[in-house]
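Participant: One structure, as structure tokens, below. Some questions next.
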Amino acid sequence: MTLDATWLLVSLIPGGIGFVLLVYGKKEQRWPYMVAGLLFMVYPYVTPTLFSLTATGAVIGLLLWYAVRQDW
């Protein structure tokens, strides 16, 4: 496995976003935020390329946006 420096630095961003979403969701008792936070923290471990990292993050973000808009 090769570690690209760009991928490594970019993968820190969703991890931080995920941590904040998880803490906020736990505090407010909102499960969509908690689930999205966990997904944001876990998915960088399984995405091998920079494109898949950003595309997966965008999909998770859109799903969170849709869940919040539907008032889940």
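Quick note on naming: the chains in the structure tokens go A, B, ... in the order shown, residues restart at 1 in each chain, and ligands are numbered from 1 in order of appearance.
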Write out as a ChimeraX atom specification the residues lying within 7 Å of stretch 19-21 of chain A, counting only C-alpha atoms and excluding same-chain residues fewer than 5 positions away.
Facilitator: /A:33-34,37,41
Participant: Among chain A, which ones does DSSP place in alpha helix (DSSP H), written as a PyMOL selection string?
Facilitator: chain A and resi 5-28+31-42+50-69
Participant: Could the residues in this selection be saved with C-alpha atoms as a PDB file, in the first residue's frame?
Facilitator:
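What ended up in part-v8.pdb:
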```pdb
ATOM      1  CA  ALA A   5       0.620  12.744   0.824  1.00  0.00           C
ATOM      2  CA  THR A   6      -2.327  14.553  -0.769  1.00  0.00           C
ATOM      3  CA  TRP A   7      -4.707  11.697   0.032  1.00  0.00           C
ATOM      4  CA  LEU A   8      -3.412  11.544   3.591  1.00  0.00           C
ATOM      5  CA  LEU A   9      -3.964  15.257   4.214  1.00  0.00           C
ATOM      6  CA  VAL A  10      -7.370  15.321   2.500  1.00  0.00           C
ATOM      7  CA  SER A  11      -8.517  12.289   4.506  1.00  0.00           C
ATOM      8  CA  LEU A  12      -8.119  14.300   7.711  1.00  0.00           C
ATOM      9  CA  ILE A  13     -10.919  16.653   6.653  1.00  0.00           C
ATOM     10  CA  PRO A  14     -13.810  14.133   6.669  1.00  0.00           C
ATOM     11  CA  GLY A  15     -12.500  12.651   9.905  1.00  0.00           C
ATOM     12  CA  GLY A  16     -12.733  16.050  11.599  1.00  0.00           C
ATOM     13  CA  ILE A  17     -16.149  16.749  10.104  1.00  0.00           C
ATOM     14  CA  GLY A  18     -17.314  13.311  11.224  1.00  0.00           C
ATOM     15  CA  PHE A  19     -16.148  13.855  14.783  1.00  0.00           C
ATOM     16  CA  VAL A  20     -17.970  17.187  15.013  1.00  0.00           C
ATOM     17  CA  LEU A  21     -21.155  15.686  13.526  1.00  0.00           C
ATOM     18  CA  LEU A  22     -21.021  12.731  15.905  1.00  0.00           C
ATOM     19  CA  VAL A  23     -20.618  14.926  18.991  1.00  0.00           C
ATOM     20  CA  TYR A  24     -23.351  17.307  17.822  1.00  0.00           C
ATOM     21  CA  GLY A  25     -25.729  14.455  16.984  1.00  0.00           C
ATOM     22  CA  LYS A  26     -25.099  12.824  20.330  1.00  0.00           C
ATOM     23  CA  LYS A  27     -25.695  16.088  22.184  1.00  0.00           C
ATOM     24  CA  GLU A  28     -28.894  16.902  20.291  1.00  0.00           C
ATOM     25  CA  TRP A  31     -29.499  10.077  14.718  1.00  0.00           C
ATOM     26  CA  PRO A  32     -28.892  11.334  11.135  1.00  0.00           C
ATOM     27  CA  TYR A  33     -25.992  13.452  12.403  1.00  0.00           C
ATOM     28  CA  MET A  34     -24.587  10.572  14.433  1.00  0.00           C
ATOM     29  CA  VAL A  35     -24.778   8.119  11.518  1.00  0.00           C
ATOM     30  CA  ALA A  36     -23.255  10.615   9.081  1.00  0.00           C
ATOM     31  CA  GLY A  37     -20.530  11.400  11.610  1.00  0.00           C
ATOM     32  CA  LEU A  38     -19.613   7.745  11.950  1.00  0.00           C
ATOM     33  CA  LEU A  39     -19.618   7.296   8.174  1.00  0.00           C
ATOM     34  CA  PHE A  40     -17.430  10.363   7.697  1.00  0.00           C
ATOM     35  CA  MET A  41     -14.937   9.011  10.221  1.00  0.00           C
ATOM     36  CA  VAL A  42     -14.834   5.466   8.808  1.00  0.00           C
ATOM     37  CA  LEU A  50      -8.446  10.808  -3.984  1.00  0.00           C
ATOM     38  CA  PHE A  51     -11.419  10.789  -6.374  1.00  0.00           C
ATOM     39  CA  SER A  52     -13.249   8.062  -4.454  1.00  0.00           C
ATOM     40  CA  LEU A  53     -12.494   9.885  -1.199  1.00  0.00           C
ATOM     41  CA  THR A  54     -14.097  13.117  -2.393  1.00  0.00           C
ATOM     42  CA  ALA A  55     -16.969  11.424  -4.242  1.00  0.00           C
ATOM     43  CA  THR A  56     -17.931   9.291  -1.244  1.00  0.00           C
ATOM     44  CA  GLY A  57     -17.746  12.304   1.049  1.00  0.00           C
ATOM     45  CA  ALA A  58     -20.017  14.261  -1.288  1.00  0.00           C
ATOM     46  CA  VAL A  59     -22.553  11.413  -1.359  1.00  0.00           C
ATOM     47  CA  ILE A  60     -22.589  11.135   2.445  1.00  0.00           C
ATOM     48  CA  GLY A  61     -22.990  14.907   2.733  1.00  0.00           C
ATOM     49  CA  LEU A  62     -25.899  14.911   0.255  1.00  0.00           C
ATOM     50  CA  LEU A  63     -27.586  12.051   2.096  1.00  0.00           C
ATOM     51  CA  LEU A  64     -27.239  13.947   5.372  1.00  0.00           C
ATOM     52  CA  TRP A  65     -28.656  17.081   3.761  1.00  0.00           C
ATOM     53  CA  TYR A  66     -31.625  15.078   2.408  1.00  0.00           C
ATOM     54  CA  ALA A  67     -32.269  13.434   5.797  1.00  0.00           C
ATOM     55  CA  VAL A  68     -32.236  16.788   7.594  1.00  0.00           C
ATOM     56  CA  ARG A  69     -34.507  18.362   4.954  1.00  0.00           C
TER      57      ARG A  69
END
```
